[in-house]
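K.L.:
Quick one: the structure is below, questions incoming.
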Amino acid sequence: MKYSFDQEIDRVTSNSIKWNYIQDENDFSVLKKTDAYLGDNRLLPMWIADMDFVCPQPVIDALAKRAAHGIFGYTGTSESYINAVVNWMKKRHNWNINPEWLCTSPGVVPAINMLIRTFTNSGDKVIIQTPVYYPFSSAIKSNHCTVVTNPLIRDKKKYKIDFESLEEKAKDPLVKLLILCSPHNPVGRVWTLEELKRLGEICLKNNILVISDEIHSDLVFDGYKFIPYASINETFKENCIICTSASKTFNLAGLHTSNIIIPSETLRSKFMETVYSNGLAGMNTFGLIATEAAYNEGEEWLEQVLAYIQDNFEYLKSFIEEKIPEIEVIDAEATYLIWLDFRKLKLSLKELKHFSIKKAGIFFDEGFIFGKPGAGFERINIACARSILEEALIKLEKAVKSLR
């Protein structure tokens, strides 16, 4: 089936977080209703990580069929659902997982909170590599642990892991966990086998459990290969927990369904105790149906949407390099979330936010919320119709010109 992603979809009528809400200027944790995304001079929401694309048709059909049943009672994990996840990991990533390893959760973020709660005590430390997905930091703090940042190193238009710093920080006996973002959000890196092995050896040497957030693993650009952390070797497999979901891949975030893959029976049992103690062992009826349909019949859609996103990235990169040289585009290897360096504009954090929203008319995710190394950067979501991306870039060019 041939899909088209050029059509702008009206999402304002769907109570979309992306298109109906904006962050409070004084508190980013607070969302407030807005109509700023409407009208001729609209603010463009290019922040939160969901796509403006209609889901694969087999998913829509499966949901419609299930809705027609008319009863939406408590739902358990089905054998067909488990098989769909297992088969997808084998087909897409050549990773053989045992069905027994699979645990479900309402989302990766809730799972990370529960994992921290399960495998740390108050006052323990958790390593993250900034700039990185900001809920990691809040999850660590909310569960009474200390954030240990191991900032990535900027190498021209890419980032790499600071292994020397990581080795030193990992020696602290209070460090119990490392949260790996793979592929990395927001800098778009797909970690190589060599990088993953070196990180894993450091963690093993210091008895640090690895939580690998692999939610973007299916959104990898041509020329790059994603490697599931647990697939590297048996030792790594027993010392890690893998967080996955079809939500980013197939635009299903609102169905609150994720799969937490835990090969170690001991670790899995401890995690499930926490899941049950929080009353979160059930499944979303429609999340189950959508995930199963997506993994079984959605690959054709995924290949097409990946090509579209890559074309959007190349368009953005060419446009900015040619017309807005003050902004630098970090090369992306995966995801639809692109990291932009605005530091040449020499604006304060407050001035940059005002510039983005009031002058450029674009609502980005502010770089500093991803950690201190993100100050002066913006994250833009390019999983949208080309017309929206074009409109955004033209507005951005005009705004930058006003500063020259």
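Following the order of the structure tokens, first chain is A, next is B, and so on, with residues numbered from 1 inside each chain and ligands from 1 in the order they appear.
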Can you list every residue in stretch 27-118 of chain A that DSSP puts in helix (DSSP H, G or I), as a ChimeraX atom specification?

P.N.:
/A:57-69,79-93,99-101,108-118

K.L.:
Excluding stretch 213-220 of chain A and its own-chain neighbours fewer than 5 positions away, which residues fall within 7 Å of it when counting only C-alpha atoms? Please give them as a PDB file with C-alpha atoms, in the first residue's frame.

P.N.:
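Generated output (result.pdb):
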```
ATOM      1  CA  LEU A 180      21.445   4.398  28.253  1.00  0.00           C
ATOM      2  CA  CYS A 181      19.496   6.194  25.525  1.00  0.00           C
ATOM      3  CA  SER A 182      19.912   4.081  22.388  1.00  0.00           C
ATOM      4  CA  PRO A 183      19.469   5.530  19.796  1.00  0.00           C
ATOM      5  CA  PHE A 226      20.936  -0.416  15.583  1.00  0.00           C
ATOM      6  CA  ILE A 242      15.571  -3.101  27.795  1.00  0.00           C
ATOM      7  CA  CYS A 243      12.711  -0.610  27.397  1.00  0.00           C
ATOM      8  CA  THR A 244      10.836  -0.774  24.087  1.00  0.00           C
ATOM      9  CA  SER A 245       7.518   0.216  22.577  1.00  0.00           C
ATOM     10  CA  LYS A 248       7.383   6.071  18.615  1.00  0.00           C
ATOM     11  CA  THR A 249       7.726   3.738  15.639  1.00  0.00           C
ATOM     12  CA  LEU A 306      11.352   6.529   7.421  1.00  0.00           C
ATOM     13  CA  GLU A 333      21.583   8.932  12.427  1.00  0.00           C
ATOM     14  CA  ALA A 334      18.147   8.089  13.839  1.00  0.00           C
ATOM     15  CA  THR A 335      14.837   9.442  15.186  1.00  0.00           C
TER      16      THR A 335
END
```

K.L.:
Let me make sure I understand: among A:Asn20, A:Glu378, A:Phe250, A:Lys176, which one has the smallest atom-to-atom distance to A:Glu303 if we use only C-alpha atoms?

P.N.:
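Among the listed residues, the smallest separation from A:Glu303 belongs to A:Phe250.
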
K.L.:
Can you list, as a count of residues only, every protein, DNA or RNA residue that comes within 9 Å of stretch 51-59 of chain A when you count only C-alpha atoms, leaving out same-chain residues fewer than 4 positions away?

P.N.:
35

K.L.:
Rounded to one decimal place, report the atom CA of A:Phe163-atom CA of A:Leu199 distance in Å.

P.N.:
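Separation of atom CA of A:Phe163 and atom CA of A:Leu199: 7.4 Å.
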
K.L.:
I'd like the interatomic distance between atom CA of A:Leu340 and atom CA of A:Glu328, to a tenth of an Å.

P.N.:
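These two atoms are separated by 5.8 Å.
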
K.L.:
With DSSP run on the backbone, what are the strand (DSSP E or B) residues within stretch 45-155 of chain A? I'd like them as a PyMOL selection string.

P.N.:
chain A and resi 45+75+102-105+125-128+146-149+153-155

K.L.:
Expressed in Å to a single decimal, how great is the separation between atom CA of A:Pro228 and atom CA of A:Tyr159?

P.N.:
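Here the two named atoms are 19.6 Å from each other.
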
K.L.:
Out of A:Phe286, A:Ile357, A:Ile380, A:Leu349, which residue has the shortest atom-to-atom distance to A:His69 when counting only C-alpha atoms?

P.N.:
A:Phe286

K.L.:
Hey, which of A:Arg386, A:Lys398, A:Arg92, A:Arg154 ends up closest to A:Gly374? Count only C-alpha atoms.

P.N.:
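The answer is A:Arg154, which sits nearest to A:Gly374.
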
K.L.:
As a PyMOL selection string, please: the residues near A:Pro135 (cut-off 10 Å, only C-alpha atoms, same-chain neighbours under 2 positions excluded).

P.N.:
chain A and resi 109-110+112-113+132-133+137-141+369-370

K.L.:
Within 9 Å of A:Glu265, counting only C-alpha atoms, which residues qualify if same-chain residues fewer than 2 places away don't, as JSON, numbers by chain?

P.N.:
{"A": [100, 101, 238, 262, 263, 267, 268, 269, 270]}

K.L.:
Quick one: of A:Asn284, A:Ser264, A:Phe377, A:Lys372, who's nearest to A:Gly73, counting only C-alpha atoms?

P.N.:
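Nearest candidate to A:Gly73 out of A:Asn284, A:Ser264, A:Phe377, A:Lys372: A:Asn284.
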